[in-house]
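J.: My structure is below; once you've seen it, I'll send some questions.
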Amino acid sequence: MRPNQYQKQPNFKKIVNSNDPSQNKNIKNQIRDLQPGDYYKGTVKILRKVKPGPLILSVFDGSGKIDAIARDSLFNEMKRNTTGITTYDFGNIKIKDNRKKKKTSQSSNNLKSITEDDIHVDDVFEIQGKIGVHRDKLEIELDSLKEATMDFNALINNQSEPLRNTFSIKSERYEAMKPVFLRIAQRIRHAIIDDQPIVIRHHNDADGICAGLAVEQAVLNVMERRELPSKNRIYRSPNITPFFDQIDLFRDISKFTRYSKQFGDKSPLLLLLDTGSTPENHFALQVLQSFKFECIIVDHHNPGTIKNGKSVVCDLIEFHLNPYLFGYDSQTCGGMLCYELSRFIDEEYDQPIYPAVAALGDRCDIPEVDLLIAQSQKNREELFQMAIVLDYLAFQYKFDPGEGVYEKVFTNSDILNIIGTKVKSLFATKLESMLPHIKSEDINGICFTIIELEKFTQRGKYPTSGKVLGIVHDYILSQNDAQPVFTVGYFEDGIIIRASQPILPVPILLEKMERKLPNANVEGGGHEQAGSIKFISVFGEDVLNFIKTQLQKI
Amino acid sequence: MRPNQYQKQPNFKKIVNSNDPSQNKNIKNQIRDLQPGDYYKGTVKILRKVKPGPLILSVFDGSGKIDAIARDSLFNEMKRNTTGITTYDFGNIKIKDNRKKKKTSQSSNNLKSITEDDIHVDDVFEIQGKIGVHRDKLEIELDSLKEATMDFNALINNQSEPLRNTFSIKSERYEAMKPVFLRIAQRIRHAIIDDQPIVIRHHNDADGICAGLAVEQAVLNVMERRELPSKNRIYRSPNITPFFDQIDLFRDISKFTRYSKQFGDKSPLLLLLDTGSTPENHFALQVLQSFKFECIIVDHHNPGTIKNGKSVVCDLIEFHLNPYLFGYDSQTCGGMLCYELSRFIDEEYDQPIYPAVAALGDRCDIPEVDLLIAQSQKNREELFQMAIVLDYLAFQYKFDPGEGVYEKVFTNSDILNIIGTKVKSLFATKLESMLPHIKSEDINGICFTIIELEKFTQRGKYPTSGKVLGIVHDYILSQNDAQPVFTVGYFEDGIIIRASQPILPVPILLEKMERKLPNANVEGGGHEQAGSIKFISVFGEDVLNFIKTQLQKI
Amino acid sequence: MRPNQYQKQPNFKKIVNSNDPSQNKNIKNQIRDLQPGDYYKGTVKILRKVKPGPLILSVFDGSGKIDAIARDSLFNEMKRNTTGITTYDFGNIKIKDNRKKKKTSQSSNNLKSITEDDIHVDDVFEIQGKIGVHRDKLEIELDSLKEATMDFNALINNQSEPLRNTFSIKSERYEAMKPVFLRIAQRIRHAIIDDQPIVIRHHNDADGICAGLAVEQAVLNVMERRELPSKNRIYRSPNITPFFDQIDLFRDISKFTRYSKQFGDKSPLLLLLDTGSTPENHFALQVLQSFKFECIIVDHHNPGTIKNGKSVVCDLIEFHLNPYLFGYDSQTCGGMLCYELSRFIDEEYDQPIYPAVAALGDRCDIPEVDLLIAQSQKNREELFQMAIVLDYLAFQYKFDPGEGVYEKVFTNSDILNIIGTKVKSLFATKLESMLPHIKSEDINGICFTIIELEKFTQRGKYPTSGKVLGIVHDYILSQNDAQPVFTVGYFEDGIIIRASQPILPVPILLEKMERKLPNANVEGGGHEQAGSIKFISVFGEDVLNFIKTQLQKI
C-alpha cells in the first residue's frame, strides 16, 4: 500500500461548507458535465461491479458513465453510523483482500447499512462523491451510497428513441417498413446506452459488407457522440456461408459466454445483416434463444412460407425486418435496408455510396436503385467496380472483418483501380478458357447450360465457382437477349443456379426436390433467380435431370 | 516518479516497538492469514522473479502466495550494513533503470550482503516486511531478506497428497489401478501448488470431453480453495485426431516455450486424457521428452504390446494409467478413469453424470457402467442423448474448448433437447438416404458390409463419415441379431471399421497389414471392435481384399 | 485523483540553484545516460503522442528513447507566461478529461505559447524536466517545452550506417552486390531507431527459415543493444506459398492498419525474404504500394525479364536484392543472402551454421557453399539433416513462426536426431511404396518420369507432394548418373518439376505455355531446375504433352 493512498477524503458536507478556495468546487448532478475536483450527487444505475480490490462500480445516470470507487471505509462508516460507533479508526481500515473470498457478512442491525453484497448490477442508488482522476479516467470517490428507486429502463428507452425519421430516398416500400426500422434502431440505441455488446454478423459479399459497415459505423458514431468506449462493445465479422452456420454459431456462443463470465459483459445483442432470414437458419436461432442471446435480423433473402405476416424464424428473435414480410421481394437488398437503418441509429449518418454499391452488387432492379445511384454522386460503372472489388476482398478475408481495407475501396481510387483491374483480368482470362467447353441447349424455349465447375476452378483461388458461373451466365445472356437464360453449375455434391428471369425460383425448386428426391438430403437457399443446392453426391445426376424436367413443364 | 512514492517505510523493529496505535499490527507467519497493515515474517520459496523495475518476487510459504517488493534501498541497506556505512541517503537512492541491462555487480565484501543477482527462482529465503495493497492485491514491502534452508519440495509433496482415497463406485478394476490413480492425483496437486501450468489435451468425442471437463473442474476447484489464480495456469483443448498429432504437438511446444520465455512460466505438465496411449503417439512423446515437457497419460485405447507391465510409450512419460497395463481392456473408458482421478485431485469433486455419459458415449458394457448410471440419477436415454449432443458439438468446436457450452449440455434440458432433436433428425435422414445403396454379404457366417463413404457424406458437415458408418452399422445390427456384424466404410485413402464382436481386432489387423502390405504405408489405431486405418490410395482395393481374406480365415 | 499527485515539482531553475543536497542532481543531455532524479535538457523528436490523460510523449534524442509527461499545468503556465497572468492556481488546474473530445482551443495571443494540439509526431522540440520512475520505467516530468529545429532524419540516417562492411566469406558474387546489401542494412537500422515496426515474411522452407531467423535475430540484437523495446516492433512469420499470396497480403494490410489506428504504430517496413521476386508478386506489391506500405525484397528466385537492371517488381518497392539483377543465378540462396545482410544490420552477428544449412537445403552448388560449410564447423551430413528437419517442421508450423523450436534444431542434437530419424524413416517408407509404380521413359536422351502424386500422398500429411517428388527424383538420379533426369509430378490441376540439369528452365517453360496454351490459365514459378505450375484441370493432358514435346525439341 502506498503510504498515503488511504488518507480519508474530506467528506461532502465539509467541502460544501469549506472556505478553502482549492476545494470550492461545483456540485453537479450530470455525469456528462463532471470535471476533476467537482462533487457529484445523483441517482445512478449500476452497470458493472468489479472485484477484487476496492469495489469499483461502473455507474450510469442517463447523461454518462463513470467509475465509482467504494472503499471498505465507506461501508465501515455506514456500519458505524448505524451502530452508534463514530470513532474514526484509520488504523483499522479493512481493506478488501482479494485472496479471501468468503468473508463474514457484516451484521446488519440497521436497515440503512449497505454492504458490498447488497449492490448488484442493474440496481439503482443515490450516490455522492468527489471527482478524481485515476491514470487517464475520471472517477468518483464515493462519500455516500443510498438505495433509490427510479425506472432506469424507461429512462434509457426514452433516450434511445431515434432522432431522425425520414428515409434518404422517397420509396413506398421503405415507408411500409418504417415502423420496424424505427423499433430496431431504438433497440440498438438502447443496447449502446445500456452497455450491451453489439455483435454484427453479415453475409460475405459486397451487399453484406455494405450492410455491416454502415451499421457498425452508425453505432460507433453514437458511442463516440455519447463518449462511450467502443472497445469490446461492438464486433463485426462476416459469416462465410449465406446463413448462420453451426460452426460460427457455437464459436460465437462460447466466446461471448466466456466474455460474460470473465469480464462481466452482458449477453450480446446479435445483428444478422443480409443473412438470417431463410428457413435453414431455424436451428441456429433456436439454439441462440436457448442460450438467451437476443437476435435481430435485417435481410432480404427469401424467408419461405409466411403465415399471419410471420416467417418460420420470427418467433425466435426480437425483430425481423425482411421485405417479403411486407409483400415485397429481394430487390431491396441488405445494404439498402441497413443503410436506412444506420441513418435512424445515428441521425447524422451519411454514406450514400454504400447502398448504391450494395444494390448494384446484388443486381437489384427497382426504381429505388436509380435514386440511390443519383444520391451517391458516382456513376454506375464506378459503383459496380466497387462492388466487384468488395466481392473479391470478401473472398480473401473470409471471416476476417477486413478493417481498414474495405473502407478504402469507397474512398481511394488508386486502390480501387489496382484491384479492379486485377479482378477484371481474372474474369476475362477465365471466360476465355471456358468458352470452348460450353454447350447450351434449348429446353422449352429456354437457353439452358450446364457447366462442370470443378474443371474450371482451382480450390482456394478466385474467382470461386459461384463467380465463375456468374461470368459464364452473363456472357450467355449477352449473346441471347431474346430467350430466357438458365445456367447451372455443378460439382460433385452441389449445384449453383443463375436465371435471367424468375422462371423457376430456387426456393420453389428446393421444396419440390425435397419431396421428389427425399433421399438426396437436398439443402440450400436463394432468391428467384439465383441460389445454391447441396445434396449427397450419389444423387447428382438425378438432381440435374429433375431440373431439366421442371424446365420442360413450365 | 510520484513525489513521495519512495518514502522509506518505518522498519520492522521500529514498528514492533512502536507506540503508535495505527502501527500496532500483528506479526504473522502464514501468508494465508495476512491483512493489510500486518507484518509478515517467514520462510518462503521464490516462485518467480520479475524485472525490470523494483524487483518483484512471487513467494510461497506453503500456506499461500504473495508478491514481495524488494526495492534497491533494501539491497543498498544490506550493503551498507555489511560495509559499515550507515548514513541514510534518500537523495542517492539507486532506482532500477530498466533500460540498463548490464549493471556493475556490487562488491560483495561480506557474506551477509545479498544482491539481486543472488536471488533465483526456487531459492529459499527468510523474509519479513509490512503488508500493503497495490491496486487490488496484497503485497509485502520487504524490510529484510536472508538466505535460508528448507526442503520446500518435501513440503509441497506433503501438501499434495490426495485427501480422498475411495472410488465413487465399487470396482475390482478400479481398485487394481488405485496406486497409479493416487500418484497421478498427487503429481497434479503438486503442479497446482508449485505454480506449474497444467495443459489438458483430450480426445474430441463425448468420452474425451467428459474426461477433460472433469479434470479441469477438479483442478480449478483446488486452485479456488487454495486461493491461487487460475489464469494461465490451466489450459484445456481437444486434439482433433485420436492421438497427439504432429501439428498440435509442435504448436503446443512453441506456445508454451514462448510463455516461459516471455512471462517466466514454468514448463507445463501435459495431461493426455482419453488419448496418448497408442503406439502412434511414440514420436510425439519422444519429441516432448526432448523438449523437457512432463507428460501424464490417462487413456483406455489399446497401447499395443506390453512387456514387463510397460507399453512402448511408458518410458517417455511420468505416469501412464491405462487398463491394458493391468490386464484389462478398453471397457473402462477415458471419462470413467478421469472422473475418479478428479475425485482424488479435489476431495469434494462430485459430477456423477460425467462418467455415465462417457461410458454410454463409448459404448462400454461392464457392470461398472450400471453403477455409474444409477449414481448419476438420470436414465440411460437422457445420458445417451447427452453423449450424442457432445459428439455433435465436438465436431463443431474442433480444437476450441467449447467453454460455457459443453457444461450446459448436462444441466440445461432446453439446450439438450433442441440440439438432440436436430442430431436425431440428421441421423434419420442420412440413414434413409443410404439404405437403398447398402448391400451386405455373408462371409464365413459374418454379415459383412462395405460402404463407399464419400458418396454419402459432405465435407465439413455433420454427421461425419465415422458417424455415418456407425449409423449404418447400428441399423444392420438391429436387423441381424443372430450373426456377427462387421462393417467397413472406405474413402480413397482410408477405411473405418465397426464390429459387433471382437472377431478381428483393429490393432491385430493393423499389424498383419503392416507385414503383408508393407508398401501401403498403413497407419491407424483403435479398439477390438472399432478403429480406422489410413493408407496410400493406390492400395485401396488390396486393403479391402485383405480384410475379406482375414474374415474368411477366422 | 490521488490527493497529492499534482503537487508541482520544484522547477528546473530552482533545482539548479538549490542547496538541497537531495536535489543536487546532474543535468544531462543524453537520454541514454539518465538516472532517476537527474535533470534532462535536450532536443528531441516526438515519436508518439498518447492521449487521453496527461499528455505522454515518447521522445527520442538520438541516444535513446523516453516517455515525457506534459501535464496541463505545463501548458497553463506557458499560457500564463505569455498572457501576463502569473497567479498560481493549483485549485483550478484543468486536468484533461478524456471524455471530452472537443475542447475549446486556447487563445494563442503570443507565439511562444504551445498547446497540446501544436505537438505532432515527428516534430522536434527542446525539452527539459526531472527524471522520475513510473512503475518500472524512467520518465521525464516536463518543466519546459520549446519548438526547435534539427534535421533528425539526417541524425537517424547517420546513426543507421552499418558498422561492419566485410562479408563472412570471400566471394566475387557477394562483392558485386555489396552496395545494395549496405543500403538495405542501413534502411532496416533506420526503422529500428525510428520506431517503425519491421515485418518479416519468409518462404516456408529450410532456406527461408534460415533467412528469416537471421534477420530477426540481428534486428533483436540491435534493439537490445540500443535498449529499445522489441514488443510490437518486430514480427516474423512464413508465407506458405512461395510468393506473397493474396490472402496473406490482405490480412497483413488490415492487421497493421488496425495497429496504426489503435496504437499509433507507424506503417511497417515489410521484408520479403527468400520470396517476393517472381513476377507473380506484381499485384501484391502494387497493392502494398497503394496502401503506402514500404517493402524490401531479398530473394534468389528468378525475377523474370530484366530491363536496364530492373525486374518487373523493382519500381514497386524500396530495395530489391536478387542475384539475377547482377547477372547471377539462384545459386546464392535466400539464407545465404540474409545471413550476410544480418551481419551488416548487427555488426556482432554471428550464426555461421544458418547460411550453410540454407545452402544445402536449397541444393546450392557454388564454391561459396564449401566456404560456408567450413565456416560452420559442422559436417555436410549434420547440416543437411538440419535442413530436412527444418523442412519437416515448416510443414507442421505453416504460418506459425515456430518460435523457440526452429532455433533448437541448430543447437540441440537430441531434438535434431529424434526428428531427423523420423523424417528419414518417413522418406524411406514412402520411396519403397512407390518404386513398383514408377516407370521412366527415354526422351531425346533424357530420363523422363511422370508420377501421379495424388496416389502416393495423403492430404495434410508429411511428406508433401513436393517432397515426394524430390525423393523419387533423387532416387532415379542415383540410378542414372550418365543421363540428364527430368521428373514431373502431377495432380489434377498442377504439376511440379525437378531436373538434374537446366535443360528446360521452369520460367521459360511457363512463358511458352502461356503462349501455346492460353486457355489453361497456367500460373507458377521456379528456378532452372525446379518449379511448379498450376492450370485448369481440364488441360492436364495438354500440359504434360507440351512438356514432352519441348523435351524432344531440345
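All residue names refer to the C-alpha cells as shown: chains lettered A, B, ... in order, residues numbered from 1 in each chain, ligands numbered from 1 in order.
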Check the DSSP output for the backbone and give back, as a ChimeraX atom specification, the residues of stretch 256-502 of chain A in alpha helix (DSSP H).

T.: /A:256-263,282-290,334-345,353-361,367-376,380-397,406-411,413-434,465-479

J.: Go ahead and write the selection's residues with C-alpha atoms as a compact mmCIF listing (two decimals), in the first residue's frame.

T.:
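Final output, saved to selection-v3.txt:
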```
# COMPACT_ATOMS: atom_id res chain seq x y z
CA PHE A 256 -19.48 -14.30 -25.64
CA THR A 257 -20.41 -16.63 -22.78
CA ARG A 258 -16.73 -16.54 -21.82
CA TYR A 259 -16.63 -12.74 -22.02
CA SER A 260 -19.65 -12.56 -19.73
CA LYS A 261 -18.03 -14.89 -17.23
CA GLN A 262 -14.56 -13.33 -17.32
CA PHE A 263 -15.32 -9.66 -17.75
CA HIS A 282 -34.14 -22.06 -37.87
CA PHE A 283 -31.91 -24.36 -35.84
CA ALA A 284 -29.26 -21.71 -35.19
CA LEU A 285 -31.89 -19.26 -33.97
CA GLN A 286 -33.47 -21.89 -31.73
CA VAL A 287 -30.07 -22.57 -30.18
CA LEU A 288 -29.38 -18.85 -29.71
CA GLN A 289 -32.71 -18.46 -28.00
CA SER A 290 -32.00 -21.40 -25.67
CA GLY A 334 -29.38 -5.94 -47.34
CA GLY A 335 -27.14 -2.95 -47.90
CA MET A 336 -30.10 -0.79 -48.89
CA LEU A 337 -32.06 -1.77 -45.77
CA CYS A 338 -29.09 -1.39 -43.44
CA TYR A 339 -28.14 2.00 -44.80
CA GLU A 340 -31.54 3.37 -43.87
CA LEU A 341 -31.37 1.62 -40.51
CA SER A 342 -27.98 3.23 -39.89
CA ARG A 343 -29.47 6.65 -40.56
CA PHE A 344 -32.05 6.00 -37.85
CA ILE A 345 -29.42 4.73 -35.40
CA ILE A 353 -22.26 5.36 -51.72
CA TYR A 354 -22.87 2.24 -49.61
CA PRO A 355 -26.48 1.42 -50.56
CA ALA A 356 -25.77 2.16 -54.22
CA VAL A 357 -22.81 -0.25 -54.30
CA ALA A 358 -24.86 -2.86 -52.44
CA ALA A 359 -27.75 -2.57 -54.90
CA LEU A 360 -25.50 -2.98 -57.94
CA GLY A 361 -23.58 -5.82 -56.29
CA PRO A 367 -36.64 2.44 -59.16
CA GLU A 368 -35.08 3.00 -55.74
CA VAL A 369 -31.73 1.94 -57.17
CA ASP A 370 -31.70 4.87 -59.59
CA LEU A 371 -32.40 7.26 -56.75
CA LEU A 372 -29.58 5.72 -54.73
CA ILE A 373 -27.16 6.00 -57.64
CA ALA A 374 -28.09 9.63 -58.14
CA GLN A 375 -27.71 10.31 -54.43
CA SER A 376 -24.26 8.64 -54.38
CA ARG A 380 -22.92 3.24 -62.30
CA GLU A 381 -19.56 1.91 -63.57
CA GLU A 382 -17.60 3.22 -60.61
CA LEU A 383 -20.15 1.82 -58.16
CA PHE A 384 -20.17 -1.54 -59.91
CA GLN A 385 -16.39 -1.68 -59.82
CA MET A 386 -16.54 -1.09 -56.06
CA ALA A 387 -18.95 -4.00 -55.76
CA ILE A 388 -16.73 -6.43 -57.64
CA VAL A 389 -13.69 -5.32 -55.66
CA LEU A 390 -15.59 -5.87 -52.40
CA ASP A 391 -16.61 -9.34 -53.57
CA TYR A 392 -13.01 -10.15 -54.37
CA LEU A 393 -11.79 -8.88 -50.99
CA ALA A 394 -14.58 -10.75 -49.22
CA PHE A 395 -13.16 -13.95 -50.69
CA GLN A 396 -9.68 -13.09 -49.41
CA TYR A 397 -10.83 -12.00 -45.95
CA TYR A 406 -12.97 -2.33 -47.08
CA GLU A 407 -13.49 1.32 -46.17
CA LYS A 408 -10.75 2.44 -48.61
CA VAL A 409 -12.45 0.80 -51.58
CA PHE A 410 -15.01 3.61 -51.45
CA THR A 411 -12.56 6.44 -50.99
CA SER A 413 -9.31 5.43 -56.31
CA ASP A 414 -5.77 4.06 -56.60
CA ILE A 415 -6.66 1.05 -54.50
CA LEU A 416 -9.96 0.64 -56.30
CA ASN A 417 -8.35 0.69 -59.72
CA ILE A 418 -5.43 -1.62 -58.95
CA ILE A 419 -7.69 -4.29 -57.51
CA GLY A 420 -10.49 -3.64 -60.02
CA THR A 421 -8.12 -4.11 -62.95
CA LYS A 422 -6.84 -7.35 -61.47
CA VAL A 423 -10.32 -8.76 -60.94
CA LYS A 424 -11.43 -7.85 -64.47
CA SER A 425 -8.39 -9.54 -65.92
CA LEU A 426 -9.04 -12.66 -63.84
CA PHE A 427 -12.60 -12.76 -65.14
CA ALA A 428 -11.60 -12.25 -68.77
CA THR A 429 -8.96 -14.99 -68.68
CA LYS A 430 -11.35 -17.37 -67.03
CA LEU A 431 -14.12 -16.79 -69.55
CA GLU A 432 -11.75 -17.21 -72.46
CA SER A 433 -10.55 -20.57 -71.15
CA MET A 434 -14.11 -21.84 -70.63
CA SER A 465 -17.22 -21.38 -58.59
CA GLY A 466 -20.11 -19.00 -57.85
CA LYS A 467 -18.36 -16.16 -59.63
CA VAL A 468 -17.29 -18.41 -62.49
CA LEU A 469 -20.91 -19.40 -63.04
CA GLY A 470 -21.90 -15.73 -62.95
CA ILE A 471 -19.31 -14.81 -65.57
CA VAL A 472 -20.49 -17.53 -67.94
CA HIS A 473 -24.15 -16.80 -67.32
CA ASP A 474 -23.66 -13.12 -68.07
CA TYR A 475 -21.78 -13.98 -71.24
CA ILE A 476 -24.52 -16.33 -72.48
CA LEU A 477 -27.10 -13.71 -71.63
CA SER A 478 -25.20 -11.10 -73.64
CA GLN A 479 -25.44 -13.44 -76.67
```

J.: Would you list, as a list in words, the residues of stretch 214-394 of chain C that end up in strand (DSSP E) under DSSP run on this structure's backbone?

T.: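 DSSP-assigned strand (DSSP E) residues in stretch 214-394 of chain C: Ile234, Tyr235, Arg236, Ser237, Pro238, Asn239, Leu269, Leu270, Leu271, Leu272, Leu273, Glu294, Cys295, Ile296, Ile297, Val298, Phe319, His320 and Leu321 of chain C.
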
J.: Rounded to one decimal place, report the atom CA of A:Asp542-atom CA of B:Glu452 distance in Å.

T.: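 Computed distance, atom CA of A:Asp542 to atom CA of B:Glu452, equals 18.7 Å.
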
J.: Please, what distance in Å, to one decimal, runs between atom CA of C:Val522 and atom CA of C:Gly327?

T.: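 Rounded to one decimal, the two atoms are 27.0 Å apart.
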
J.: Fewer than 3 positions away in the same chain doesn't count, so skip those; otherwise give me all residues within 10 Å of B:Pro268, counting only C-alpha atoms, as a PyMOL selection string.

T.: chain B and resi 191+195-200+233-235+253+256-257+259-260+265+271+292-295

J.: Once you count only C-alpha atoms, which residues of chain A turn out to be within 7 Å of chain C? Could you give them as a PyMOL selection string?

T.: chain A and resi 22-23+35-36+132-138+227+396-397+402-405+414-415+418+432-433+455-458
